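Engineer: Just so it is clear, I am handing over model-v5.cif, which has mmCIF, C-alpha atoms.
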data_model
#
loop_
_atom_site.label_atom_id
_atom_site.label_comp_id
_atom_site.auth_asym_id
_atom_site.auth_seq_id
_atom_site.Cartn_x
_atom_site.Cartn_y
_atom_site.Cartn_z
CA MET A 1 33.41 -26.88 -149.11
CA LEU A 2 36.87 -26.54 -147.61
CA HIS A 3 37.60 -28.45 -144.42
CA TYR A 4 40.33 -27.42 -142.03
CA PRO A 5 41.12 -30.91 -140.68
CA THR A 6 43.10 -31.18 -137.49
CA SER A 7 43.59 -34.86 -136.84
CA ARG A 8 42.87 -38.24 -138.35
CA CYS A 9 39.38 -39.53 -137.63
CA ARG A 10 37.68 -40.73 -140.79
CA PRO A 11 39.48 -39.08 -143.72
CA GLU A 12 37.43 -37.99 -146.68
CA PRO A 13 38.68 -37.42 -150.23
CA GLY A 14 40.97 -34.42 -150.28
CA GLU A 15 41.42 -34.33 -146.53
CA HIS A 16 44.89 -33.47 -145.23
CA THR A 17 46.39 -34.61 -141.98
CA ALA A 18 49.61 -33.56 -140.30
CA PRO A 19 51.87 -35.33 -137.79
CA LYS A 20 53.03 -32.42 -135.65
CA LYS A 21 51.24 -29.74 -133.74
CA ILE A 22 52.48 -26.20 -134.33
CA ARG A 23 50.82 -23.35 -132.46
CA GLY A 24 47.89 -22.37 -134.61
CA TYR A 25 48.87 -23.87 -137.96
CA ALA A 26 50.58 -26.86 -139.53
CA GLY A 27 54.14 -26.30 -140.65
CA ALA A 28 55.65 -28.14 -143.61
CA ALA A 29 52.20 -29.48 -144.47
CA ALA A 30 50.80 -29.76 -147.96
CA ALA A 31 49.09 -26.51 -148.99
CA ALA A 32 46.80 -27.09 -151.94
CA ALA A 33 43.52 -25.33 -152.72
CA PHE A 34 42.59 -25.41 -149.04
CA ILE A 35 44.42 -24.96 -145.79
CA GLY A 36 45.53 -27.87 -143.62
CA VAL A 37 45.69 -26.88 -139.97
CA MET A 38 46.46 -28.72 -136.78
CA SER A 39 44.40 -28.98 -133.64
CA SER A 40 45.68 -27.31 -130.53
CA ALA A 41 44.40 -30.39 -128.71
CA TYR A 42 47.12 -32.52 -130.31
CA VAL A 43 50.03 -33.27 -128.00
CA SER A 44 53.43 -33.29 -129.69
CA PRO A 45 55.76 -36.23 -128.95
CA ILE A 46 58.08 -34.03 -126.86
CA MET A 47 55.22 -32.65 -124.78
CA ALA A 48 53.65 -36.08 -124.44
CA GLU A 49 56.90 -37.50 -123.09
CA SER A 50 57.23 -34.72 -120.53
CA LEU A 51 53.62 -35.10 -119.40
CA LYS A 52 54.03 -38.81 -118.67
CA SER A 53 55.83 -37.96 -115.45
CA ILE A 54 53.08 -35.62 -114.26
CA PRO A 55 50.13 -37.22 -112.44
CA VAL A 56 46.76 -36.11 -113.79
CA ILE A 57 44.54 -34.80 -111.02
CA GLY A 58 40.92 -34.14 -111.88
CA SER A 59 39.63 -33.80 -115.42
CA ILE A 60 41.02 -35.81 -118.33
CA PHE A 61 40.77 -32.58 -120.32
CA LYS A 62 43.89 -31.41 -118.51
CA LEU A 63 45.72 -33.74 -120.93
CA ALA A 64 44.70 -31.53 -123.85
CA ASP A 65 46.97 -28.81 -125.18
CA ASP A 66 43.93 -26.53 -125.29
CA LEU A 67 43.49 -23.76 -122.76
CA GLY A 68 39.70 -23.87 -122.92
CA LEU A 69 39.53 -27.59 -122.19
CA GLN A 70 42.20 -27.33 -119.51
CA THR A 71 40.15 -24.78 -117.60
CA ALA A 72 36.73 -26.36 -118.21
CA GLU A 73 36.71 -28.34 -114.98
CA GLU A 74 37.56 -25.42 -112.71
CA ARG A 75 34.77 -23.44 -114.40
CA GLY A 76 32.28 -26.21 -113.61
CA LEU A 77 31.63 -26.95 -117.29
CA VAL A 78 32.55 -30.65 -117.41
CA ALA A 79 29.78 -33.26 -117.25
CA GLU A 80 30.65 -36.79 -116.14
CA PRO A 81 28.30 -39.29 -117.82
CA ASN A 82 30.83 -42.13 -117.32
CA VAL A 83 29.02 -44.39 -119.78
CA GLY A 84 30.62 -47.25 -121.69
CA ALA A 85 30.52 -50.73 -123.16
CA THR A 86 32.63 -53.92 -122.93
CA HIS A 87 33.43 -56.44 -125.67
CA GLU A 88 35.88 -59.34 -125.48
CA GLY A 89 37.34 -58.09 -122.21
CA VAL A 90 38.05 -54.59 -123.52
CA THR A 91 36.04 -51.63 -122.19
CA LEU A 92 35.54 -48.23 -123.77
CA ARG A 93 34.21 -45.47 -121.53
CA ILE A 94 33.24 -41.86 -122.09
CA PRO A 95 33.94 -40.45 -118.63
CA GLU A 96 33.69 -36.74 -119.43
CA VAL A 97 32.16 -34.32 -121.92
CA VAL A 98 32.11 -30.54 -122.22
CA TYR A 99 29.82 -28.64 -124.58
CA ASP A 100 29.68 -24.86 -124.95
CA GLY A 101 27.20 -24.71 -127.84
CA THR A 102 29.96 -24.40 -130.43
CA ARG A 103 32.04 -27.50 -129.88
CA LEU A 104 31.46 -30.74 -128.01
CA SER A 105 34.58 -32.37 -126.60
CA LEU A 106 34.47 -35.88 -125.19
CA ALA A 107 37.11 -38.12 -123.69
CA VAL A 108 37.22 -41.79 -124.73
CA LYS A 109 39.15 -44.09 -122.38
CA ARG A 110 40.18 -47.70 -123.05
CA GLU A 111 40.68 -50.40 -120.43
CA GLY A 112 41.46 -54.12 -120.75
CA GLU A 113 44.04 -56.82 -121.29
CA GLY A 114 45.88 -57.97 -124.40
CA LEU A 115 46.13 -54.49 -125.88
CA ILE A 116 49.07 -53.53 -128.08
CA GLY A 117 50.13 -49.90 -128.41
CA GLY A 118 47.97 -46.85 -127.88
CA ILE A 119 44.31 -46.32 -128.63
CA SER A 120 45.22 -43.85 -131.41
CA ASP A 121 48.21 -45.73 -132.86
CA TYR A 122 48.47 -46.76 -136.47
CA GLU A 123 51.22 -47.27 -139.04
CA VAL A 124 51.09 -46.01 -142.60
CA VAL A 125 52.38 -48.58 -145.08
CA GLN A 126 52.99 -47.71 -148.72
CA GLU A 127 52.53 -50.63 -151.11
CA GLY A 128 53.04 -49.54 -154.69
CA ASP A 129 50.44 -46.90 -155.48
CA SER A 130 48.26 -47.74 -152.47
CA THR A 131 48.54 -46.50 -148.90
CA ASN A 132 47.33 -48.73 -146.08
CA HIS A 133 46.86 -48.12 -142.37
CA ILE A 134 47.95 -50.91 -140.03
CA TYR A 135 46.46 -50.85 -136.52
CA PRO A 136 47.59 -52.69 -133.38
CA ARG A 137 44.96 -54.65 -131.45
CA GLY A 138 42.74 -52.31 -129.48
CA ALA A 139 43.40 -49.22 -131.61
CA ILE A 140 40.48 -47.21 -132.99
CA THR A 141 39.91 -47.89 -136.68
CA GLU A 142 36.64 -46.04 -137.27
CA VAL A 143 34.38 -43.57 -135.49
CA GLU A 144 30.85 -42.47 -136.33
CA MET A 145 28.76 -40.00 -134.31
CA PHE A 146 24.97 -39.72 -134.28
CA ILE A 147 22.97 -36.65 -133.19
CA ASP A 148 19.57 -37.72 -131.90
CA GLY A 149 19.88 -40.85 -134.03
CA THR A 150 21.09 -39.20 -137.26
CA SER A 151 24.64 -39.96 -138.39
CA ILE A 152 26.75 -36.89 -139.02
CA TYR A 153 27.76 -38.55 -142.31
CA ASP A 154 24.14 -38.32 -143.44
CA TYR A 155 24.36 -34.53 -143.44
CA ASN A 156 25.20 -33.13 -146.87
CA GLY A 157 28.29 -31.06 -147.59
CA GLY A 158 28.55 -27.90 -145.54
CA LYS A 159 25.71 -28.93 -143.23
CA ARG A 160 27.84 -31.68 -141.73
CA PRO A 161 29.27 -31.11 -138.25
CA GLY A 162 33.04 -31.38 -138.07
CA LEU A 163 34.57 -34.36 -136.26
CA ILE A 164 38.21 -34.65 -135.25
CA GLY A 165 40.10 -36.94 -132.90
CA ASN A 166 43.29 -36.12 -131.02
CA PRO A 167 45.64 -38.33 -129.02
CA THR A 168 46.77 -37.34 -125.54
CA SER A 169 49.78 -38.10 -123.38
CA ASP A 170 47.84 -41.09 -122.01
CA PRO A 171 48.06 -43.91 -124.60
CA ASN A 172 44.62 -45.17 -123.51
CA VAL A 173 42.80 -41.84 -123.90
CA VAL A 174 41.73 -39.97 -127.03
CA LEU A 175 39.78 -36.72 -127.20
CA TYR A 176 37.09 -36.29 -129.84
CA GLN A 177 35.55 -33.02 -130.85
CA LEU A 178 32.29 -32.40 -132.68
CA THR A 179 31.85 -28.89 -134.06
CA GLY A 180 28.60 -27.33 -135.23
CA TYR A 181 29.43 -24.50 -137.62
CA SER A 182 27.05 -21.57 -137.52
CA HIS A 183 27.72 -19.81 -140.83
CA LEU A 184 26.37 -22.38 -143.22
CA GLY A 185 23.25 -20.57 -144.31
CA GLU A 186 19.55 -20.40 -143.50
CA GLY A 187 18.13 -23.72 -142.42
CA ALA A 188 21.53 -25.32 -141.86
CA PRO A 189 21.40 -27.42 -138.68
CA MET A 190 23.55 -26.33 -135.78
CA LEU A 191 24.18 -28.52 -132.79
CA PRO A 192 21.16 -28.07 -130.50
CA ASP A 193 21.52 -26.96 -126.89
CA GLN A 194 20.51 -30.45 -125.76
CA PHE A 195 20.69 -33.78 -127.62
CA LEU A 196 21.54 -37.46 -127.37
CA LEU A 197 24.95 -38.23 -128.81
CA THR A 198 25.61 -41.81 -129.88
CA ALA A 199 29.23 -42.79 -130.46
CA LYS A 200 29.91 -45.86 -132.62
CA ILE A 201 33.57 -46.83 -132.29
CA THR A 202 35.38 -49.79 -133.84
CA LEU A 203 38.59 -51.23 -132.36
CA GLU A 204 41.10 -53.36 -134.24
CA GLY A 205 40.74 -57.03 -133.27
CA ILE A 206 37.36 -56.55 -131.59
CA GLU A 207 34.55 -57.86 -133.77
CA GLU A 208 31.60 -55.92 -132.36
CA PRO A 209 31.63 -52.11 -132.51
CA TYR A 210 31.11 -50.12 -129.33
CA ILE A 211 27.86 -48.15 -129.25
CA ILE A 212 27.68 -45.63 -126.40
CA ASP A 213 24.88 -43.15 -125.73
CA VAL A 214 25.79 -39.84 -124.09
CA PRO A 215 23.24 -37.20 -123.03
CA VAL A 216 24.60 -33.75 -123.92
CA ARG A 217 23.55 -30.35 -122.62
CA LYS A 218 25.10 -26.93 -123.26
CA SER A 219 26.92 -25.87 -120.10
CA SER A 220 27.96 -22.27 -120.72
CA ASN A 221 26.79 -18.86 -121.87
CA GLN A 222 28.19 -16.95 -124.83
CA ILE A 223 28.81 -13.43 -126.09
CA VAL A 224 28.16 -12.65 -129.77
CA VAL A 225 29.71 -9.54 -131.35
CA LYS A 226 28.61 -8.42 -134.83
CA SER A 227 31.37 -6.59 -136.68
CA GLY A 228 31.13 -5.95 -140.41
CA GLU A 229 34.59 -4.33 -140.51
CA THR A 230 35.97 -4.56 -144.06
CA ARG A 231 39.42 -4.25 -145.59
CA GLU A 232 40.69 -4.51 -149.18
CA TRP A 233 44.03 -5.54 -150.63
CA GLY A 234 45.25 -6.91 -153.95
CA GLY A 235 41.81 -7.47 -155.44
CA LEU A 236 40.52 -9.10 -152.24
CA LYS A 237 37.75 -7.77 -150.00
CA LEU A 238 37.83 -9.18 -146.47
CA THR A 239 35.03 -8.78 -143.90
CA LEU A 240 35.08 -9.87 -140.26
CA GLU A 241 31.40 -10.66 -139.85
CA GLN A 242 31.05 -12.02 -136.33
CA LEU A 243 32.85 -13.07 -133.17
CA LYS A 244 31.50 -15.43 -130.55
CA PHE A 245 33.06 -16.01 -127.14
CA THR A 246 32.42 -18.83 -124.66
CA PRO A 247 34.49 -19.75 -121.59
CA ILE A 248 36.40 -22.30 -123.71
CA THR A 249 36.16 -21.10 -127.33
CA THR A 250 36.66 -18.06 -129.57
CA ASP A 251 34.72 -18.31 -132.85
CA LEU A 252 35.26 -16.03 -135.89
CA ILE A 253 33.26 -15.81 -139.11
CA ILE A 254 35.11 -14.25 -142.06
CA HIS A 255 33.90 -13.44 -145.57
CA ALA A 256 36.49 -13.14 -148.35
CA GLU A 257 35.57 -11.99 -151.85
CA GLN A 258 37.87 -11.69 -154.85
CA ILE A 259 36.86 -8.42 -156.48
CA GLY A 260 39.76 -8.16 -158.90
CA ASN A 261 42.92 -9.96 -159.92
CA PRO A 262 45.09 -10.58 -156.86
CA GLU A 263 48.37 -8.69 -157.13
CA ASP A 264 50.39 -10.93 -154.84
CA GLY A 265 49.61 -14.61 -154.53
CA ASN A 266 46.30 -16.46 -154.48
CA HIS A 267 43.60 -15.50 -151.97
CA LYS A 268 42.90 -19.24 -151.56
CA ASP A 269 46.20 -19.50 -149.67
CA LEU A 270 45.15 -16.89 -147.12
CA LEU A 271 45.57 -17.87 -143.46
CA TYR A 272 44.68 -16.04 -140.27
CA GLU A 273 46.10 -15.29 -136.86
CA VAL A 274 44.09 -13.93 -133.95
CA ARG A 275 45.79 -11.90 -131.21
CA ASP A 276 44.74 -10.21 -127.98
CA ASP A 277 45.57 -6.64 -126.94
CA ARG A 278 49.03 -7.76 -125.78
CA GLY A 279 49.91 -9.48 -129.05
CA ARG A 280 49.46 -13.03 -127.78
CA ILE A 281 48.38 -15.50 -130.46
CA LEU A 282 45.38 -17.77 -129.91
CA GLY A 283 45.77 -21.46 -130.70
CA LEU A 284 43.63 -22.58 -133.63
CA VAL A 285 41.40 -25.57 -132.91
CA THR A 286 39.64 -26.22 -136.22
CA GLY A 287 37.66 -24.52 -138.97
CA MET A 288 35.81 -24.81 -142.25
CA GLY A 289 35.38 -22.65 -145.33
CA ILE A 290 32.66 -22.80 -147.98
CA TYR A 291 32.72 -21.28 -151.45
CA LYS A 292 29.53 -19.56 -152.60
CA ASP A 293 29.68 -21.19 -156.04
CA ASP A 294 31.99 -22.97 -158.48
CA SER A 295 33.76 -19.74 -159.42
CA GLN A 296 35.42 -19.83 -155.98
CA ARG A 297 35.53 -16.04 -155.80
CA GLU A 298 33.61 -15.83 -152.50
CA GLN A 299 34.36 -17.86 -149.41
CA ARG A 300 32.89 -17.77 -145.91
CA THR A 301 35.14 -19.24 -143.26
CA GLU A 302 34.44 -20.11 -139.65
CA LEU A 303 37.51 -20.56 -137.46
CA ILE A 304 37.41 -22.02 -133.96
CA PHE A 305 40.20 -20.84 -131.64
CA GLU A 306 40.98 -21.43 -128.00
CA ARG A 307 39.78 -18.93 -125.40
CA PHE A 308 42.02 -16.03 -124.47
CA GLU A 309 44.49 -16.66 -121.68
CA GLU A 310 43.32 -13.43 -120.03
CA THR A 311 40.53 -11.02 -120.82
CA THR A 312 41.32 -8.50 -123.55
CA SER A 313 40.09 -5.06 -124.58
CA SER A 314 40.43 -5.83 -128.30
CA ILE A 315 40.87 -8.64 -130.78
CA THR A 316 43.04 -8.41 -133.90
CA LEU A 317 42.63 -10.51 -137.03
CA LYS A 318 45.99 -10.73 -138.83
CA PRO A 319 45.68 -12.32 -142.29
CA PHE A 320 48.86 -13.66 -143.86
CA LEU A 321 50.14 -15.68 -146.77
CA PRO A 322 52.32 -18.69 -145.98
CA VAL A 323 55.69 -18.83 -147.71
CA PHE A 324 56.25 -22.03 -149.67
CA GLN A 325 59.49 -23.97 -149.58
CA ASP A 326 59.72 -23.33 -153.31
CA PRO A 327 59.17 -19.54 -153.52
CA SER A 328 58.31 -19.79 -157.21
CA ALA A 329 55.54 -22.34 -156.61
CA ASN A 330 51.86 -21.76 -155.84
CA GLY A 331 51.60 -24.88 -153.71
CA GLY A 332 53.56 -27.63 -152.04
CA LEU A 333 55.14 -27.58 -148.59
CA TYR A 334 55.21 -24.53 -146.37
CA ALA A 335 58.57 -23.07 -145.40
CA VAL A 336 59.21 -23.18 -141.65
CA ASP A 337 61.63 -21.37 -139.39
CA GLY A 338 64.01 -22.78 -136.79
CA ASN A 339 61.12 -23.24 -134.33
CA GLY A 340 59.06 -25.22 -136.81
CA ASP A 341 56.59 -22.35 -137.35
CA ILE A 342 55.33 -21.32 -140.76
CA VAL A 343 57.18 -18.45 -142.41
CA LYS A 344 54.48 -15.81 -142.84
CA LYS A 345 53.93 -12.79 -145.03
CA TYR A 346 51.55 -10.59 -143.05
CA LEU A 347 49.08 -8.47 -145.00
CA LYS A 348 48.86 -5.24 -143.01
CA ASP A 349 46.20 -3.76 -145.30
CA LEU A 350 43.80 -6.60 -144.38
CA GLU A 351 44.38 -6.41 -140.62
CA ILE A 352 41.27 -5.77 -138.53
CA THR A 353 41.15 -4.75 -134.86
CA ILE A 354 37.84 -4.38 -133.04
CA PRO A 355 37.15 -3.52 -129.39
CA VAL A 356 35.89 -6.06 -126.87
CA ASP A 357 33.92 -5.36 -123.70
CA ARG A 358 36.52 -6.53 -121.20
CA ALA A 359 34.12 -6.52 -118.23
CA SER A 360 31.57 -8.72 -120.03
CA LEU A 361 34.29 -11.11 -121.19
CA GLU A 362 35.72 -11.33 -117.68
CA LYS A 363 32.29 -12.15 -116.30
CA LEU A 364 31.84 -14.86 -118.95
CA TYR A 365 35.26 -16.40 -118.31
CA ASP A 366 34.76 -16.43 -114.54
CA SER A 367 31.25 -17.83 -114.64
CA HIS A 368 30.57 -21.15 -112.92
CA GLN A 369 27.65 -23.42 -113.59
#
Here is the file; what I need is its structure written in the form of structure tokens.
Structural biologist:
Amino acid sequence: MLHYPTSRCRPEPGEHTAPKKIRGYAGAAAAAAFIGVMSSAYVSPIMAESLKSIPVIGSIFKLADDLGLQTAEERGLVAEPNVGATHEGVTLRIPEVVYDGTRLSLAVKREGEGLIGGISDYEVVQEGDSTNHIYPRGAITEVEMFIDGTSIYDYNGGKRPGLIGNPTSDPNVVLYQLTGYSHLGEGAPMLPDQFLLTAKITLEGIEEPYIIDVPVRKSSNQIVVKSGETREWGGLKLTLEQLKFTPITTDLIIHAEQIGNPEDGNHKDLLYEVRDDRGRILGLVTGMGIYKDDSQREQRTELIFERFEETTSSITLKPFLPVFQDPSANGGLYAVDGNGDIVKKYLKDLEITIPVDRASLEKLYDSHQ
């Protein structure tokens, strides 16, 4: 199973994190057997600084660098449970959630006295061969989510929902996202349309963990498009199996199979862009890929992108290989350009464009609950 982590939450062995958000992908991040990508909900230091001077009116999700979340309130998709708990004079609240059936996003807000630094702050300290994380008082040190009483960490391998956390421009607010991947095989649990979410959150310097129950209900419709379009290049067969649209999310399922010896690079390094009919690139939120077996010749990948800025008549999948800083290497750090974006080698032979019913998409995007 290959995770596409986007922010630090509870790292697992082999998980990569990255300190800077780049539109769609992580630049200058380690690129090993799987792809490390950044969440479009992460706010870069420059953007965070500029947002501090802007008063937030309405939904906390306006703090997210994620078009779907930013527009969720005006589409009537945000629920306001406003539940919380208080320990030792420090309160954690979950004021808002939004759930479109693919991803659940929830805001966690901290209030109280004697707090040091932000709710997401930590310092990485290297001591010999060990790496330690040092947290200021009141910072989140651990998060566990339960779906109808079952911990997501009790799900095995590819059946486990994805969980990521992202800071915002408000030092007392963090956004968490729980993703139920739909391509994991027959019998694999997806997030149900309605469930009780229990968040167990531990803060540095607070002895008792915070346990907060949040009722969750899907708040939007969706459009599913079956594709099956296939392309081949360099011993690789690529199939775009399915697209799913909601008012806040674009979801793609891709099947890649190595049918020969790749002529140029390793198919494991393959990355993807998604563009609308005007060439605008969607921001990548998160994703996960699973190999069929130990031979690692077949991989099914589900990628979660933001919604389109405007309705589109087509969607284009543009596979590419990242260029490494050391061109002779098969791994290491990605090369980046002057804007901090990954240097890409697009694979035109693998590019897939399929039509989209613009009228149906416009109706979905404009729908209000």
Engineer: Between A:Thr179, A:Gly205, A:Thr131, A:His267, which is the closest to Gly165 (chain A) once you count only C-alpha atoms?
Structural biologist: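 Closest to Gly165 (chain A) of all the choices is A:Thr179.
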Engineer: How many Å lie between CA of Ser314 (chain A) and CA of Gly235 (chain A), rounded to one decimal?
Structural biologist: 27.2 Å
Engineer: When you look at Val108 (chain A) with a cut-off of 6 Å (counting all atoms listed in the file), what residues show up, excluding the ones that are within fewer than 2 positions of it in the same chain? I need them as a list in words.
Structural biologist: Arg93, Ile94, Val173 and Val174 of chain A
Engineer: Separation of CA of Pro355 (chain A) and CA of Thr316 (chain A), in Å?
Structural biologist: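 Those two atoms sit 8.9 Å apart.
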Engineer: Could you tell me how far CA of Gly180 (chain A) lies from CA of Val98 (chain A), in Å and to one decimal?
Structural biologist: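 So the two atoms, CA of Gly180 (chain A) and CA of Val98 (chain A), lie 13.9 Å apart.
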Engineer: Please list as a PyMOL selection string every residue within 7 Å of Lys344 (chain A), counting only C-alpha atoms and excluding residues in the same chain fewer than 3 positions away.
Structural biologist: chain A and resi 320-323
Engineer: Applying the PyMOL selection byres ((chain A and resi 144-157) around 7) to the file I just gave you, which residues come out? Please list them as a PDB file with C-alpha atoms, in the coordinates of the input.
Structural biologist:
ATOM      1  CA  MET A   1      33.410 -26.880-149.110  1.00  0.00           C
ATOM      2  CA  GLU A 142      36.640 -46.040-137.270  1.00  0.00           C
ATOM      3  CA  VAL A 143      34.380 -43.570-135.490  1.00  0.00           C
ATOM      4  CA  GLY A 158      28.550 -27.900-145.540  1.00  0.00           C
ATOM      5  CA  LYS A 159      25.710 -28.930-143.230  1.00  0.00           C
ATOM      6  CA  ARG A 160      27.840 -31.680-141.730  1.00  0.00           C
ATOM      7  CA  PRO A 161      29.270 -31.110-138.250  1.00  0.00           C
ATOM      8  CA  PHE A 195      20.690 -33.780-127.620  1.00  0.00           C
ATOM      9  CA  LEU A 196      21.540 -37.460-127.370  1.00  0.00           C
ATOM     10  CA  LEU A 197      24.950 -38.230-128.810  1.00  0.00           C
ATOM     11  CA  THR A 198      25.610 -41.810-129.880  1.00  0.00           C
ATOM     12  CA  ALA A 199      29.230 -42.790-130.460  1.00  0.00           C
ATOM     13  CA  LYS A 200      29.910 -45.860-132.620  1.00  0.00           C
ATOM     14  CA  ILE A 201      33.570 -46.830-132.290  1.00  0.00           C
TER      15      ILE A 201
END
Engineer: Go through A:Tyr181, A:Phe324, A:Tyr346, A:Trp233 and flag the residue nearest Arg300 (chain A), using all atoms listed in the file for the distances.
Structural biologist: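 With all atoms listed in the file as the atom set, the closest residue is A:Tyr181.
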Engineer: Could you add the missing atoms to region 309-329 of chain A, up to N, CA and C atoms, and return them as a CSV table (one decimal), keeping the file's coordinate frame?
Structural biologist:
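This went into part-v5.csv:
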chain,number,residue,atom,x,y,z
A,309,GLU,N,43.9,-16.3,-123.0
A,309,GLU,CA,44.5,-16.7,-121.7
A,309,GLU,C,44.0,-15.7,-120.6
A,310,GLU,N,43.9,-14.4,-120.9
A,310,GLU,CA,43.3,-13.4,-120.0
A,310,GLU,C,42.3,-12.6,-120.8
A,311,THR,N,41.5,-11.9,-120.1
A,311,THR,CA,40.5,-11.0,-120.8
A,311,THR,C,41.3,-9.9,-121.6
A,312,THR,N,40.7,-9.5,-122.7
A,312,THR,CA,41.3,-8.5,-123.6
A,312,THR,C,40.4,-7.4,-123.9
A,313,SER,N,40.9,-6.2,-124.2
A,313,SER,CA,40.1,-5.1,-124.6
A,313,SER,C,39.9,-5.0,-126.1
A,314,SER,N,40.6,-5.8,-126.8
A,314,SER,CA,40.4,-5.8,-128.3
A,314,SER,C,40.9,-7.2,-128.8
A,315,ILE,N,40.5,-7.4,-130.1
A,315,ILE,CA,40.9,-8.6,-130.8
A,315,ILE,C,41.3,-8.2,-132.2
A,316,THR,N,42.5,-8.8,-132.6
A,316,THR,CA,43.0,-8.4,-133.9
A,316,THR,C,43.1,-9.6,-134.8
A,317,LEU,N,42.5,-9.5,-136.0
A,317,LEU,CA,42.6,-10.5,-137.0
A,317,LEU,C,43.8,-10.1,-137.9
A,318,LYS,N,44.8,-11.0,-138.0
A,318,LYS,CA,46.0,-10.7,-138.8
A,318,LYS,C,46.1,-11.7,-140.0
A,319,PRO,N,45.6,-11.4,-141.1
A,319,PRO,CA,45.7,-12.3,-142.3
A,319,PRO,C,47.1,-12.4,-142.8
A,320,PHE,N,47.5,-13.5,-143.3
A,320,PHE,CA,48.9,-13.7,-143.9
A,320,PHE,C,48.9,-14.7,-144.9
A,321,LEU,N,49.9,-14.7,-145.8
A,321,LEU,CA,50.1,-15.7,-146.8
A,321,LEU,C,51.3,-16.5,-146.3
A,322,PRO,N,51.2,-17.8,-146.3
A,322,PRO,CA,52.3,-18.7,-146.0
A,322,PRO,C,53.4,-18.7,-147.1
A,323,VAL,N,54.6,-18.8,-146.7
A,323,VAL,CA,55.7,-18.8,-147.7
A,323,VAL,C,55.9,-20.3,-148.0
A,324,PHE,N,56.0,-20.6,-149.3
A,324,PHE,CA,56.2,-22.0,-149.7
A,324,PHE,C,57.7,-22.3,-149.7
A,325,GLN,N,58.1,-23.6,-149.5
A,325,GLN,CA,59.5,-24.0,-149.6
A,325,GLN,C,60.1,-23.6,-150.9
A,326,ASP,N,59.3,-23.8,-152.0
A,326,ASP,CA,59.7,-23.3,-153.3
A,326,ASP,C,59.0,-22.0,-153.6
A,327,PRO,N,59.8,-20.9,-153.4
A,327,PRO,CA,59.2,-19.5,-153.5
A,327,PRO,C,58.5,-19.3,-154.9
A,328,SER,N,58.9,-20.0,-155.9
A,328,SER,CA,58.3,-19.8,-157.2
A,328,SER,C,57.0,-20.6,-157.4
A,329,ALA,N,56.7,-21.5,-156.5
A,329,ALA,CA,55.5,-22.3,-156.6
A,329,ALA,C,54.3,-21.7,-156.0
